[in-house]
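Undergrad: Handing you this structure, nothing more for now.
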Amino acid sequence: EVQLVEFGGGLVQPGGSLRLSCAASGFTFGSHDMSWVRQAPGKGPEWVSSIASHGGTTYYSDSVKGRFTIARDNTKNTLYLQMNSLKHEDTAVYYCARGTNSKDYWGRGTQVTVSS
């Protein structure tokens, strides 16, 4: 059974940092591209970032480029999202998902709240 479990969300002040993790199981993690998607209150899902299966290629939305870094450790079956210089508008539930253009499995999400 494919499982994706996100960790690391929480409350942080504007300008602060958080690192999200996503533990993957039930499939060959290193064979799949992975993504982070977020959903803010009252809004639809917004793609944040993606990373190729080998980790050598990354993609970011304009809204997070230069502030967020996606990474993966295929030996630990774990996906990461380092979030720096957080803004109020980064408040959302963050989901990891398998795939890029087509995302076939999703985690349950972790809440990130940016507030003073």
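Chain labels follow the order of the structure tokens: the first chain is A, the next B, and so on; residue numbering restarts at 1 in every chain, and ligands are counted from 1 in their shown order.
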Using only C-alpha atoms, which residues sit within 7 Å of segment 40-53 of chain A once same-chain residues fewer than 4 positions away are excluded, as a PyMOL selection string?
TA: chain A and resi 30-36+57-61+64+70+91-93+100
Undergrad: Would you kindly return, as number ranges by chain, each protein, DNA or RNA residue with an atom no farther than 7 Å from any atom of segment 72-88 of chain A, considering only C-alpha atoms and excluding same-chain residues fewer than 4 positions away?
TA: A: 14-24, 29-30, 55, 67-68, 114-115
Undergrad: For the strand (DSSP E or B) assignment from backbone DSSP, which residues of chain A qualify? Please present them as a PyMOL selection string.
TA: chain A and resi 3-7+10-12+18-25+34-39+45-51+58-60+68-73+78-83+92-98+105-106+110-114
Undergrad: Can you pull out the residues contacting segment 2-6 of chain A? Cut-off 9 Å, using only C-alpha atoms, and skip same-chain residues under 4 positions away; I want them as number ranges by chain.
TA: A: 20-27, 79, 94-98, 105-110
Undergrad: Could you jot down the atom CA of Ser116 of chain A to atom CA of Leu11 of chain A separation for me, Å, one decimal place?
TA: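 If I compute the distance from atom CA of Ser116 of chain A to atom CA of Leu11 of chain A, I get 9.1 Å.
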Undergrad: Just give me the gap between atom CA of Val112 of chain A and atom CA of Val12 of chain A in Å, one decimal is fine.
TA: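 The value is 7.8 Å.
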Undergrad: Quick one: distance from atom CA of Lys103 of chain A to atom CA of Glu1 of chain A in Å, one decimal?
TA: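 For atom CA of Lys103 of chain A relative to atom CA of Glu1 of chain A, the distance reads 15.9 Å.
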